[in-house]
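Take a look at the structure below.
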Amino acid sequence: MKLIKIVQVLEKIAPAELADDFDKGKIGLVLGLKDDVNRVAVALDANPYTLKKAAEIGAEILITHHTLIFHPVNMISKSLAASLKIALENGISLYSMHTNYDRAEGGINDALAARLRLKNTRAVETGRIGEIESCSSAELAAHVSDCLQTPVMYSGEKQEIKKVMVVGGSGFRNEYLEIARKNGVDAFISSELKHDILRAYEDLCLVDATHYATENPGMEAICPRLRSLLEIEVEFIDQPSGLRAVNCTVDKNKAAFDVKEGSCKQEETGKDSLELILEKQLRNQIRSDYRRSLGNENRRKYIE
């Protein structure tokens with residue numbers, strides 16, 4: 001199949017005009033090499049690992065969510081050089097579909113909502129709002145962890161969660177969370193949860209399910225669509241993030257660790273692990289603020 005035909009199909013799936021302004025000029029066909037394509041590779045990221053895998057299966061194009069070059073470069077890093085070398089030597093074209101695919105029907109957020117088994121879903125900005133069988137915050141976190149096969153963190157204890165909003169990737173942003181509030185959402189699922197967001201949205205159950213796990217289902221979901229539309233071989237390349245979760249008890253002498261990726265274990269210590277983490281952060285911040293308030297001489301005495 002001609003490369004230009006594949007590009008046309010991808011542009012119909014996720015039109016460029018759906019992308020955020022910061023994505024303009026960074027998505028679409030970012031590297032066009034061979035005109036004829038017999039095998040397609042799909043992955044979340046374009047990097048040496050996924051490009052090597054694409055080369056191994058003989059793919060002539062790698063379709064990803066995250067582009068190889070997002071910010072303008074004045075110096076080429078070793079990783080970028082390695083990626084370009086593999087692509088050029090093996091004739092692998094690169095195509096990126098980023099925020100346009102987040103918003104697209106059947107894209108990142110629709111796939112995430114489907115993976116979490118949300119019902120009656122509807123689009124709101126880039127995210128999706130849907131319904132789930134009534135559950136508590138802890139039960140929802142366990143459900144998300146199981147569906148996405150990833151460790152999760154959560155905050156906001158609720159006993160009756162029915163309406164959920166999801167945003168794949170770095171979705172813990174004020175503009176999205178305000179949409180959740182306005183729509184009476186009980187829980188918000190995304191990734192890269194920051195301390196200021198925790199404090200500002202204590203009325204919601206917030207579930208951090210990692211960047212990779214919330215976006216990966218969307219890239220997997222596009223593979224059968226492309227096989228049907230293109231009628232050529234399409235292979236998904238899975239590259240787990242490598243993120244591990246470690247849970248330990250308060251008593252360090254009886255610490256219990258779980259470092260297996262894809263699993264989540266909560267230890268009963270009187271307080272959940274996230275609460276302990278937040279308390280530790282608060283104590284450290286108080287100590288830091290106090291030290292800064294001292295003069296140099298007193299600061300040295302405090303440290304000693």
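Labeling convention for the structure tokens: chains A, B, ... as they appear, residues from 1 per chain, ligands from 1 in order of appearance.
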
Got a sec to tell me which of region 32-230 of chain A DSSP assigns to strand (DSSP E or B), as number ranges by chain?
A: 36, 39-43, 61-64, 93-96, 119-124, 127-135, 153-155, 161-166, 187-190, 205-208

Just the alpha helix (DSSP H) stuff from region 12-248 of chain A, please, per backbone DSSP, written as a ChimeraX atom specification.
/A:12-13,48-56,78-90,99-103,108-115,137-148,174-182,195-200,211-230

If we count only C-alpha atoms, what is near region 177-186 of chain A at a cut-off of 10 Å, once residues fewer than 3 positions away on the same chain are taken out, given as a PyMOL selection string?
chain A and resi 124-125+127-131+137+156+158+160-167+171-174+197+200-201+203-206

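In terms of minimum interatomic distance to Glu133 (chain A), A:Leu118 ranks closest within A:Leu118, A:Ala16, A:Ile86, A:Ala187, counting only C-alpha atoms.
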
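Across the structure, CA of Val73 (chain A) and CA of Ser170 (chain A) are spaced 22.9 Å apart.
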
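Summary of the local environment: counting only C-alpha atoms, residues at most 8 Å from region 56-66 of chain A, other than itself and those fewer than 5 positions away along its chain, are Lys34, Asp36, Val37, Asn38, Arg39, Val40, Ala41, Val42, Ala43, Leu44, Asp45, Ala46, Leu51, Asn90, Gly91, Ile92, Ser93, Leu94, Tyr95, Ser96, Met97, His98, Tyr101 and Met219 of chain A.
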
With only C-alpha atoms as the counted atoms, please give the residues lying no more than 7 Å from Glu215 (chain A), apart from itself and same-chain residues fewer than 2 positions off, as a VMD selection string.
chain A and resid 108 168 to 169 211 to 213 217 to 218

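Taking CA of Tyr154 (chain A) and CA of Asp102 (chain A) as endpoints, the distance between them is 23.0 Å.
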
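The gap separating CA of Ala55 (chain A) from CA of Ala82 (chain A) is 13.1 Å, in Å to one decimal.
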
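Closest to Val234 (chain A) among A:Glu220, A:Glu202, A:Asn109, A:Leu140 is A:Glu220, based on only C-alpha atoms.
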
Exercise: Phe22 (chain A) partners within 10 Å, only C-alpha atoms, chain neighbours under 4 positions left out, as a VMD selection string
chain A and resid 26 70 99

Next, write the just-selected residues to a file, as a compact mmCIF listing (two decimals), in the first residue's frame, keeping all heavy atoms as the atom set.
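Below is the file that was written, selection_7.txt:
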# COMPACT_ATOMS: atom_id res chain seq x y z
N LYS A 26 3.58 19.47 14.62
CA LYS A 26 4.36 18.41 15.27
C LYS A 26 3.74 17.03 15.11
O LYS A 26 4.29 16.04 15.59
CB LYS A 26 4.49 18.72 16.78
CG LYS A 26 5.18 20.04 17.07
CD LYS A 26 5.15 20.35 18.55
CE LYS A 26 5.76 21.71 18.83
NZ LYS A 26 5.67 22.07 20.27
N PHE A 70 9.49 16.62 19.93
CA PHE A 70 8.40 17.50 20.33
C PHE A 70 8.84 18.95 20.41
O PHE A 70 8.18 19.85 19.92
CB PHE A 70 7.82 17.04 21.67
CG PHE A 70 6.59 17.80 22.07
CD1 PHE A 70 5.38 17.53 21.46
CD2 PHE A 70 6.64 18.78 23.04
CE1 PHE A 70 4.23 18.23 21.82
CE2 PHE A 70 5.51 19.49 23.41
CZ PHE A 70 4.30 19.21 22.79
N THR A 99 -2.70 14.96 20.44
CA THR A 99 -3.94 15.47 21.02
C THR A 99 -5.12 15.35 20.06
O THR A 99 -6.28 15.35 20.51
CB THR A 99 -3.78 16.93 21.49
OG1 THR A 99 -3.23 17.71 20.42
CG2 THR A 99 -2.85 17.02 22.68

Please provide as a PDB file with N, CA and C atoms, in the first residue's frame all residues within 10 Å of Glu17 (chain A), with the sequence filter that same-chain residues fewer than 4 positions apart are discarded (counting only C-alpha atoms).
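Written output follows (selection-v1.pdb):
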ATOM      1  N   GLU A  11      -5.470  10.379   8.850  1.00  0.00           N
ATOM      2  CA  GLU A  11      -6.018  11.732   8.981  1.00  0.00           C
ATOM      3  C   GLU A  11      -7.543  11.708   9.117  1.00  0.00           C
ATOM      4  N   ASP A  21      -3.346  23.624  20.018  1.00  0.00           N
ATOM      5  CA  ASP A  21      -2.473  24.535  19.287  1.00  0.00           C
ATOM      6  C   ASP A  21      -0.993  24.169  19.410  1.00  0.00           C
ATOM      7  N   ASP A  23       0.324  21.451  19.406  1.00  0.00           N
ATOM      8  CA  ASP A  23       0.672  20.292  18.582  1.00  0.00           C
ATOM      9  C   ASP A  23       0.787  20.631  17.095  1.00  0.00           C
ATOM     10  N   LYS A  24       0.364  21.810  16.716  1.00  0.00           N
ATOM     11  CA  LYS A  24       0.363  22.165  15.297  1.00  0.00           C
ATOM     12  C   LYS A  24       1.792  22.122  14.750  1.00  0.00           C
ATOM     13  N   THR A  99      -2.697  14.960  20.436  1.00  0.00           N
ATOM     14  CA  THR A  99      -3.941  15.469  21.022  1.00  0.00           C
ATOM     15  C   THR A  99      -5.123  15.353  20.064  1.00  0.00           C
ATOM     16  N   ASN A 100      -4.862  15.265  18.779  1.00  0.00           N
ATOM     17  CA  ASN A 100      -5.960  15.029  17.838  1.00  0.00           C
ATOM     18  C   ASN A 100      -6.566  13.638  18.057  1.00  0.00           C
TER      19      ASN A 100
END

Which of A:Gln8, A:Thr67, A:Ser241, A:Thr214 sits closest to Ala111 (chain A) [using only C-alpha atoms]:
A:Thr214

Which residue of A:Leu148, A:Ile69, A:Leu116, A:Met153 approaches Ala245 (chain A) most closely, using only C-alpha atoms
A:Met153
